[in-house]
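Notes to accompany the following structure.
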Amino acid sequence: MSSSYKNIGDFINSKYLNGLVDLNNEYKNNYPFPHIVLDDFFNKQILENIFDELSILSDQKKVDFENNIKKKIAFENVDDFPENIRKIFYFLNSGQFLNWMNKVSGIEEKLVADPDFFGGGVHKCFKGGYLKVHTDYHKHPTTHLDRRINALVYLNQNWIENYGGHLELFDKNNLKESKKKILPIFNRFVAFSTTDISFHGHPDPLSCPDEKQRYSIATWYYSNGRDDVDKSFLNRKNTTFWVNRDHRDNIKNKKYTFKDYLKKFSFFRNLSKIIKKK
């Protein structure tokens with residue numbers, strides 16, 4: 001990626017730099033929860049350069065997930081990524097982009113990036129891959145900032161409906177069938193609010209050809225405090241909550257116990273450590 005890329009207009013389509021009020025109205029009014037889908041989002045050449053580097057990721061350290069809730073690969077070491085992929089992550093964490101994301105989402109608190117990209121990176125699914133329906137953890141595990149937005153960029157050229165892999169969004173009152181399906185086509189940007197009702201996933205196994213893979217760039221954004229959710233959500237266990245779609249998915253969540261609640265407090269955690277050492 002050329003060093004001449006310095007400003008937000010060098011990275012994303014200029015049509016998304018104007019009309020921010022309209023983008024915000026679309027974001028907050030989209031059903032079944034606040035989100036936005038923007039096509040041809042990045043400078044085409046930038047995305048083409050990134051696509052060309054995806055094969056290099058096979059040599060990077062990766063995390064394999066294969067269980068009843070997810071079947072995918074994650075590349076998480078952003079600092080070790082090939083040049084163009086690495087720089088797009090740095091841009092997504094830049095002050096310019098965070099300011100744009102604040103305006104589009106309408107979130108009043110200042111959005112904060114995660115320099116460690118915890119849980120983010122490049123995600124890859126092969127034929128048969130999936131990610132079951134869930135809502136995400138609501139606090140960063142080390143900074144304890146409030147998780148506010150999931151942002152995704154899809155990198156799949158010539159991707160068609162029959163391949164599946166749609167990002168599916170669900171209504172909290174009906175988790176049997178999704179209310180919106182978003183095809184993960186090349187250069188499509190999706191952002192949505194992370195709350196107690198943002199049920200999402202791509203729960204059905206991919207049916208793409210063996211030589212195809214589903215790639216996405218994933219980043220999360222945080223804030224220091226929030227008032228857009230019920231306090232009971234903030235007090236619940238800080239974990240991903242998985243759900244069954246009409247009992248089609250064999251998922252069991254661990255119940256949140258009083259002991260789990262006490263673990264929120266440093267005194268109890270320190271006391272537990274002392275007891276274990278005895």
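Residue names in the structure tokens use chain letters A, B, ... in the order shown, residue numbers from 1 in each chain, and ligand numbers from 1 in the order shown.
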task = Enumerate the residues of range 152-231 of chain A with a DSSP assignment of strand (DSSP E or B), computed from the backbone, and present them as number ranges by chain.
result = A: 152-154, 167-171, 174, 180-182, 188-193, 199-202, 214-223
query = Near Phe33 in chain A, within 8 Å and counting only C-alpha atoms, which residues show up once chain neighbours fewer than 5 positions away are dropped, as a PyMOL selection string?
reply = chain A and resi 28+171+192-193+197-198
inquiry  = Rounded to one decimal, what separation in Å do you get between CA of Ile182 in chain A and CA of Glu26 in chain A?
reply    =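 The value is 15.7 Å.
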Selection: 10 Å around Gly106 in chain A, only C-alpha atoms, excl. self and same-chain fewer than 6 positions, as a PyMOL selection string = chain A and resi 20-21+23-25+27-28+100
Restricted to N, CA and C atoms, what would the selected residues look like written as a short mmCIF file (atom, residue, chain, number, x, y, z; two decimals), in the first residue's frame?
data_model
loop_
_atom_site.label_atom_id
_atom_site.label_comp_id
_atom_site.auth_asym_id
_atom_site.auth_seq_id
_atom_site.Cartn_x
_atom_site.Cartn_y
_atom_site.Cartn_z
N LEU A 20 -23.60 12.17 6.28
CA LEU A 20 -23.47 11.36 7.49
C LEU A 20 -24.77 11.30 8.30
N VAL A 21 -25.58 12.34 8.19
CA VAL A 21 -26.87 12.32 8.89
C VAL A 21 -27.75 11.22 8.32
N LEU A 23 -26.68 8.49 6.78
CA LEU A 23 -26.09 7.21 7.17
C LEU A 23 -26.46 6.88 8.61
N ASN A 24 -26.45 7.89 9.48
CA ASN A 24 -26.83 7.67 10.87
C ASN A 24 -28.29 7.25 11.00
N ASN A 25 -29.16 7.91 10.22
CA ASN A 25 -30.58 7.54 10.26
C ASN A 25 -30.77 6.11 9.80
N TYR A 27 -28.50 3.70 9.92
CA TYR A 27 -27.91 2.82 10.94
C TYR A 27 -28.87 2.57 12.10
N LYS A 28 -29.36 3.65 12.69
CA LYS A 28 -30.15 3.50 13.92
C LYS A 28 -31.55 2.94 13.66
N TRP A 100 -15.44 8.97 12.19
CA TRP A 100 -16.47 8.66 11.20
C TRP A 100 -17.47 7.65 11.76
#
Tell me, as a PDB file with all heavy atoms, in the first residue's frame, which residues lie within 7 Å of Val133 in chain A, counting only C-alpha atoms; anything in the same chain fewer than 6 positions away does not count.
ATOM      1  N   PHE A 199     -28.336 -10.386  18.143  1.00  0.00           N
ATOM      2  CA  PHE A 199     -28.150 -11.805  17.823  1.00  0.00           C
ATOM      3  C   PHE A 199     -27.761 -11.943  16.346  1.00  0.00           C
ATOM      4  O   PHE A 199     -28.466 -11.488  15.462  1.00  0.00           O
ATOM      5  CB  PHE A 199     -29.439 -12.578  18.096  1.00  0.00           C
ATOM      6  CG  PHE A 199     -29.775 -12.685  19.558  1.00  0.00           C
ATOM      7  CD1 PHE A 199     -30.657 -11.800  20.153  1.00  0.00           C
ATOM      8  CD2 PHE A 199     -29.184 -13.671  20.344  1.00  0.00           C
ATOM      9  CE1 PHE A 199     -30.963 -11.897  21.505  1.00  0.00           C
ATOM     10  CE2 PHE A 199     -29.481 -13.780  21.696  1.00  0.00           C
ATOM     11  CZ  PHE A 199     -30.368 -12.877  22.276  1.00  0.00           C
ATOM     12  N   HIS A 200     -26.647 -12.611  16.109  1.00  0.00           N
ATOM     13  CA  HIS A 200     -26.124 -12.716  14.747  1.00  0.00           C
ATOM     14  C   HIS A 200     -25.265 -13.975  14.606  1.00  0.00           C
ATOM     15  O   HIS A 200     -24.906 -14.611  15.590  1.00  0.00           O
ATOM     16  CB  HIS A 200     -25.290 -11.481  14.410  1.00  0.00           C
ATOM     17  CG  HIS A 200     -24.052 -11.356  15.251  1.00  0.00           C
ATOM     18  ND1 HIS A 200     -24.081 -10.893  16.552  1.00  0.00           N
ATOM     19  CD2 HIS A 200     -22.737 -11.649  14.998  1.00  0.00           C
ATOM     20  CE1 HIS A 200     -22.867 -10.897  17.059  1.00  0.00           C
ATOM     21  NE2 HIS A 200     -22.022 -11.361  16.135  1.00  0.00           N
ATOM     22  N   GLY A 201     -24.903 -14.291  13.368  1.00  0.00           N
ATOM     23  CA  GLY A 201     -24.024 -15.417  13.084  1.00  0.00           C
ATOM     24  C   GLY A 201     -24.144 -15.803  11.617  1.00  0.00           C
ATOM     25  O   GLY A 201     -24.903 -15.193  10.870  1.00  0.00           O
ATOM     26  N   PRO A 203     -24.953 -19.368  10.755  1.00  0.00           N
ATOM     27  CA  PRO A 203     -25.140 -20.642  11.446  1.00  0.00           C
ATOM     28  C   PRO A 203     -25.189 -21.883  10.562  1.00  0.00           C
ATOM     29  O   PRO A 203     -24.976 -22.994  11.067  1.00  0.00           O
ATOM     30  CB  PRO A 203     -26.476 -20.451  12.168  1.00  0.00           C
ATOM     31  CG  PRO A 203     -27.209 -19.442  11.335  1.00  0.00           C
ATOM     32  CD  PRO A 203     -26.159 -18.513  10.813  1.00  0.00           C
ATOM     33  N   TRP A 242     -24.562 -17.974  23.369  1.00  0.00           N
ATOM     34  CA  TRP A 242     -24.988 -18.731  22.186  1.00  0.00           C
ATOM     35  C   TRP A 242     -26.428 -19.184  22.333  1.00  0.00           C
ATOM     36  O   TRP A 242     -26.888 -19.477  23.434  1.00  0.00           O
ATOM     37  CB  TRP A 242     -24.080 -19.947  21.999  1.00  0.00           C
ATOM     38  CG  TRP A 242     -22.632 -19.594  21.889  1.00  0.00           C
ATOM     39  CD1 TRP A 242     -21.728 -19.505  22.920  1.00  0.00           C
ATOM     40  CD2 TRP A 242     -21.926 -19.230  20.702  1.00  0.00           C
ATOM     41  NE1 TRP A 242     -20.503 -19.123  22.436  1.00  0.00           N
ATOM     42  CE2 TRP A 242     -20.586 -18.938  21.080  1.00  0.00           C
ATOM     43  CE3 TRP A 242     -22.282 -19.115  19.356  1.00  0.00           C
ATOM     44  CZ2 TRP A 242     -19.617 -18.558  20.171  1.00  0.00           C
ATOM     45  CZ3 TRP A 242     -21.310 -18.735  18.448  1.00  0.00           C
ATOM     46  CH2 TRP A 242     -19.996 -18.460  18.851  1.00  0.00           C
ATOM     47  N   VAL A 243     -27.143 -19.249  21.219  1.00  0.00           N
ATOM     48  CA  VAL A 243     -28.546 -19.633  21.268  1.00  0.00           C
ATOM     49  C   VAL A 243     -28.844 -20.733  20.236  1.00  0.00           C
ATOM     50  O   VAL A 243     -28.129 -20.875  19.237  1.00  0.00           O
ATOM     51  CB  VAL A 243     -29.479 -18.428  20.997  1.00  0.00           C
ATOM     52  CG1 VAL A 243     -29.295 -17.371  22.057  1.00  0.00           C
ATOM     53  CG2 VAL A 243     -29.236 -17.842  19.619  1.00  0.00           C
TER      54      VAL A 243
END
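As for CA of Phe118 in chain A and CA of Arg188 in chain A, they are spaced 22.1 Å apart.
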query = Suppose you want the space between CA of Phe126 in chain A and CA of Gln213 in chain A; what is it in Å?
reply =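 For CA of Phe126 in chain A relative to CA of Gln213 in chain A, the distance reads 4.9 Å.
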key: Top pick for closest residue to Asn224 in chain A, considering A:Leu38, A:Val112, A:Cys208, A:Ile73 and counting only C-alpha atoms   =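 The closest residue to Asn224 in chain A is A:Val112.
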task = Might you pull out every residue within 8 Å of Trp220 in chain A, with only C-alpha atoms counted and same-chain residues fewer than 6 positions away left off, and present them as a PyMOL selection string?
result = chain A and resi 113-114+117+120+147-151
inquiry  = Just checking: using only C-alpha atoms, which residue out of A:Pro141, A:Pro184, A:Gly19, A:Gly128 ends up closest to Gln157 in chain A?
reply    =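 Answer, going by the shortest atom-to-atom distance: A:Pro184.
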For range 51-57 of chain A, find every residue with an atom within 7 Å (counting only C-alpha atoms), except residues of its own chain fewer than 4 positions away, and show them as an mmCIF file with N, CA, C and O atoms, in the first residue's frame.
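For reference, selection_8.cif as written:
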data_model
loop_
_atom_site.group_PDB
_atom_site.id
_atom_site.type_symbol
_atom_site.label_atom_id
_atom_site.label_comp_id
_atom_site.auth_asym_id
_atom_site.auth_seq_id
_atom_site.Cartn_x
_atom_site.Cartn_y
_atom_site.Cartn_z
ATOM 1 N N LEU A 47 -8.302 -2.830 -1.715
ATOM 2 C CA LEU A 47 -8.894 -4.152 -1.469
ATOM 3 C C LEU A 47 -8.291 -5.207 -2.385
ATOM 4 O O LEU A 47 -8.107 -6.365 -1.984
ATOM 5 N N PRO A 82 0.911 -9.378 6.322
ATOM 6 C CA PRO A 82 1.501 -8.736 5.137
ATOM 7 C C PRO A 82 1.161 -7.248 5.122
ATOM 8 O O PRO A 82 0.163 -6.811 5.708
ATOM 9 N N LEU A 155 -14.104 -10.071 1.959
ATOM 10 C CA LEU A 155 -13.052 -10.111 0.939
ATOM 11 C C LEU A 155 -13.267 -11.241 -0.063
ATOM 12 O O LEU A 155 -12.307 -11.838 -0.555
#
ask   = Between A:Ile36, A:Val153, A:Leu145, A:Leu169, which has the minimum distance to Ile12 in chain A (counting only C-alpha atoms)?
value =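 So, comparing all the options, the nearest one is A:Val153.
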Would you kindly return, as a PDB file with C-alpha atoms, in the first residue's frame, each protein, DNA or RNA residue with an atom no farther than 8 Å from any atom of Tyr130 in chain A, considering only C-alpha atoms and excluding same-chain residues fewer than 5 positions away?
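Once written, selection10.pdb looks like this:
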ATOM      1  CA  ILE A  69     -20.584 -23.459  17.915  1.00  0.00           C
ATOM      2  CA  LYS A  70     -17.927 -22.449  15.377  1.00  0.00           C
ATOM      3  CA  LYS A  71     -15.826 -23.927  12.618  1.00  0.00           C
ATOM      4  CA  LYS A  72     -13.337 -21.406  11.289  1.00  0.00           C
ATOM      5  CA  CYS A 125     -14.010 -20.392   6.736  1.00  0.00           C
ATOM      6  CA  GLY A 165     -22.136 -17.821   4.500  1.00  0.00           C
ATOM      7  CA  HIS A 202     -23.667 -17.491   9.924  1.00  0.00           C
ATOM      8  CA  PRO A 203     -25.140 -20.642  11.446  1.00  0.00           C
ATOM      9  CA  ASP A 204     -25.559 -22.929   8.418  1.00  0.00           C
ATOM     10  CA  PRO A 205     -22.481 -24.702   7.006  1.00  0.00           C
ATOM     11  CA  LEU A 206     -20.915 -23.114   3.945  1.00  0.00           C
TER      12      LEU A 206
END
inquiry  = Could you pull out the helix (DSSP H, G or I) residues of range 49-84 of chain A, going by DSSP on the backbone, and write them as a list in words?
reply    =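 Helix (DSSP H, G or I) assignments inside range 49-84 of chain A correspond to Asn49, Ile50, Phe51, Asp52, Glu53, Leu54, Ser55, Ile56, Leu57, Ser58, Asp59, Val78, Asp79, Asp80, Glu83 and Asn84 of chain A.
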Keeping all heavy atoms, export the residues of the selection given above as a compact mmCIF listing (two decimals), in the first residue's frame.
# COMPACT_ATOMS: atom_id res chain seq x y z
N ASN A 49 -5.22 -5.24 -3.44
CA ASN A 49 -3.91 -5.55 -2.87
C ASN A 49 -4.04 -6.47 -1.66
O ASN A 49 -3.23 -7.40 -1.47
CB ASN A 49 -3.19 -4.26 -2.45
CG ASN A 49 -2.80 -3.41 -3.63
OD1 ASN A 49 -2.72 -3.88 -4.77
ND2 ASN A 49 -2.55 -2.13 -3.39
N ILE A 50 -5.06 -6.24 -0.87
CA ILE A 50 -5.29 -7.08 0.30
C ILE A 50 -5.67 -8.50 -0.13
O ILE A 50 -5.18 -9.49 0.42
CB ILE A 50 -6.39 -6.46 1.19
CG1 ILE A 50 -5.84 -5.23 1.89
CG2 ILE A 50 -6.93 -7.47 2.20
CD1 ILE A 50 -6.87 -4.46 2.66
N PHE A 51 -6.54 -8.60 -1.12
CA PHE A 51 -6.95 -9.91 -1.61
C PHE A 51 -5.75 -10.72 -2.09
O PHE A 51 -5.65 -11.92 -1.83
CB PHE A 51 -7.97 -9.75 -2.74
CG PHE A 51 -8.53 -11.05 -3.25
CD1 PHE A 51 -9.57 -11.67 -2.58
CD2 PHE A 51 -8.00 -11.66 -4.37
CE1 PHE A 51 -10.09 -12.87 -3.05
CE2 PHE A 51 -8.51 -12.86 -4.84
CZ PHE A 51 -9.55 -13.47 -4.17
N ASP A 52 -4.81 -10.05 -2.73
CA ASP A 52 -3.63 -10.73 -3.24
C ASP A 52 -2.73 -11.26 -2.12
O ASP A 52 -1.93 -12.17 -2.34
CB ASP A 52 -2.81 -9.78 -4.14
CG ASP A 52 -3.51 -9.47 -5.45
OD1 ASP A 52 -4.41 -10.23 -5.83
OD2 ASP A 52 -3.16 -8.44 -6.07
N GLU A 53 -2.87 -10.69 -0.93
CA GLU A 53 -2.03 -11.11 0.19
C GLU A 53 -2.65 -12.20 1.05
O GLU A 53 -1.99 -12.72 1.96
CB GLU A 53 -1.70 -9.91 1.08
CG GLU A 53 -0.75 -8.91 0.44
CD GLU A 53 -0.40 -7.77 1.36
OE1 GLU A 53 -1.14 -7.54 2.36
OE2 GLU A 53 0.61 -7.09 1.10
N LEU A 54 -3.90 -12.55 0.79
CA LEU A 54 -4.58 -13.53 1.65
C LEU A 54 -3.87 -14.88 1.68
O LEU A 54 -3.82 -15.54 2.71
CB LEU A 54 -6.03 -13.71 1.21
CG LEU A 54 -6.96 -12.51 1.46
CD1 LEU A 54 -8.34 -12.79 0.88
CD2 LEU A 54 -7.05 -12.19 2.94
N SER A 55 -3.31 -15.28 0.56
CA SER A 55 -2.64 -16.58 0.51
C SER A 55 -1.41 -16.61 1.42
O SER A 55 -1.03 -17.68 1.93
CB SER A 55 -2.24 -16.92 -0.92
OG SER A 55 -1.34 -15.95 -1.44
N ILE A 56 -0.80 -15.45 1.66
CA ILE A 56 0.39 -15.38 2.52
C ILE A 56 0.03 -15.69 3.96
O ILE A 56 0.86 -16.17 4.74
CB ILE A 56 1.04 -13.98 2.42
CG1 ILE A 56 1.37 -13.65 0.96
CG2 ILE A 56 2.29 -13.89 3.29
CD1 ILE A 56 1.91 -12.23 0.76
N LEU A 57 -1.22 -15.45 4.32
CA LEU A 57 -1.64 -15.67 5.71
C LEU A 57 -1.53 -17.13 6.13
O LEU A 57 -1.46 -17.43 7.32
CB LEU A 57 -3.08 -15.20 5.91
CG LEU A 57 -3.30 -13.69 5.98
CD1 LEU A 57 -4.78 -13.40 6.12
CD2 LEU A 57 -2.54 -13.08 7.13
N SER A 58 -1.51 -18.05 5.18
CA SER A 58 -1.41 -19.46 5.52
C SER A 58 -0.13 -19.77 6.29
O SER A 58 -0.04 -20.78 6.99
CB SER A 58 -1.48 -20.33 4.25
OG SER A 58 -0.41 -20.01 3.38
N ASP A 59 0.88 -18.89 6.15
CA ASP A 59 2.15 -19.08 6.85
C ASP A 59 2.16 -18.40 8.22
O ASP A 59 3.12 -18.52 8.96
CB ASP A 59 3.30 -18.53 6.01
CG ASP A 59 3.45 -19.26 4.68
OD1 ASP A 59 3.19 -20.47 4.66
OD2 ASP A 59 3.81 -18.60 3.68
N VAL A 78 -1.91 -9.19 14.08
CA VAL A 78 -2.00 -8.11 13.10
C VAL A 78 -0.64 -7.51 12.77
O VAL A 78 -0.35 -7.21 11.61
CB VAL A 78 -2.96 -7.02 13.60
CG1 VAL A 78 -2.93 -5.80 12.69
CG2 VAL A 78 -4.39 -7.56 13.70
N ASP A 79 0.23 -7.35 13.77
CA ASP A 79 1.53 -6.74 13.52
C ASP A 79 2.41 -7.58 12.58
O ASP A 79 3.36 -7.06 11.99
CB ASP A 79 2.28 -6.51 14.83
CG ASP A 79 1.64 -5.43 15.68
OD1 ASP A 79 0.93 -4.58 15.09
OD2 ASP A 79 1.83 -5.42 16.90
N ASP A 80 2.10 -8.85 12.45
CA ASP A 80 2.88 -9.74 11.58
C ASP A 80 2.22 -9.96 10.22
O ASP A 80 2.74 -10.72 9.41
CB ASP A 80 3.10 -11.10 12.26
CG ASP A 80 3.94 -10.98 13.51
OD1 ASP A 80 4.80 -10.08 13.56
OD2 ASP A 80 3.75 -11.77 14.45
N GLU A 83 1.98 -6.46 4.44
CA GLU A 83 1.93 -5.01 4.53
C GLU A 83 0.55 -4.40 4.31
O GLU A 83 0.07 -3.60 5.12
CB GLU A 83 2.90 -4.40 3.52
CG GLU A 83 2.90 -2.88 3.53
CD GLU A 83 3.80 -2.29 2.46
OE1 GLU A 83 4.28 -3.05 1.58
OE2 GLU A 83 4.00 -1.07 2.49
N ASN A 84 -0.12 -4.78 3.24
CA ASN A 84 -1.40 -4.14 2.91
C ASN A 84 -2.50 -4.51 3.90
O ASN A 84 -3.31 -3.66 4.27
CB ASN A 84 -1.81 -4.50 1.49
CG ASN A 84 -0.87 -3.92 0.47
OD1 ASN A 84 -0.78 -2.71 0.32
ND2 ASN A 84 -0.13 -4.77 -0.23
With only C-alpha atoms counted and 8 Å as the cut-off, give the residues of range 102-209 of chain A in contact with range 244-248 of chain A, each with its shortest interatomic distance in Å and the pair that gives it, as CSV.
residue,atom,partner,partner_atom,distance
A:Val133,CA,A:Asn244,CA,7.2
A:Leu175,CA,A:Arg245,CA,5.5
A:Lys176,CA,A:Arg245,CA,4.6
A:Glu177,CA,A:Arg245,CA,7.1
task = Rank nothing, just name the residue among A:His138, A:Ser232, A:Ala74, A:Ala191 nearest to Asn102 in chain A, using only C-alpha atoms.
result =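 Residue with the minimum atom-to-atom distance to Asn102 in chain A: A:Ala191.
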ask   = With only C-alpha atoms as the basis for distance, which of A:Ile251, A:Leu17, A:Leu131, A:Ile88 is at the shortest distance from Arg214 in chain A?
value = A:Leu131
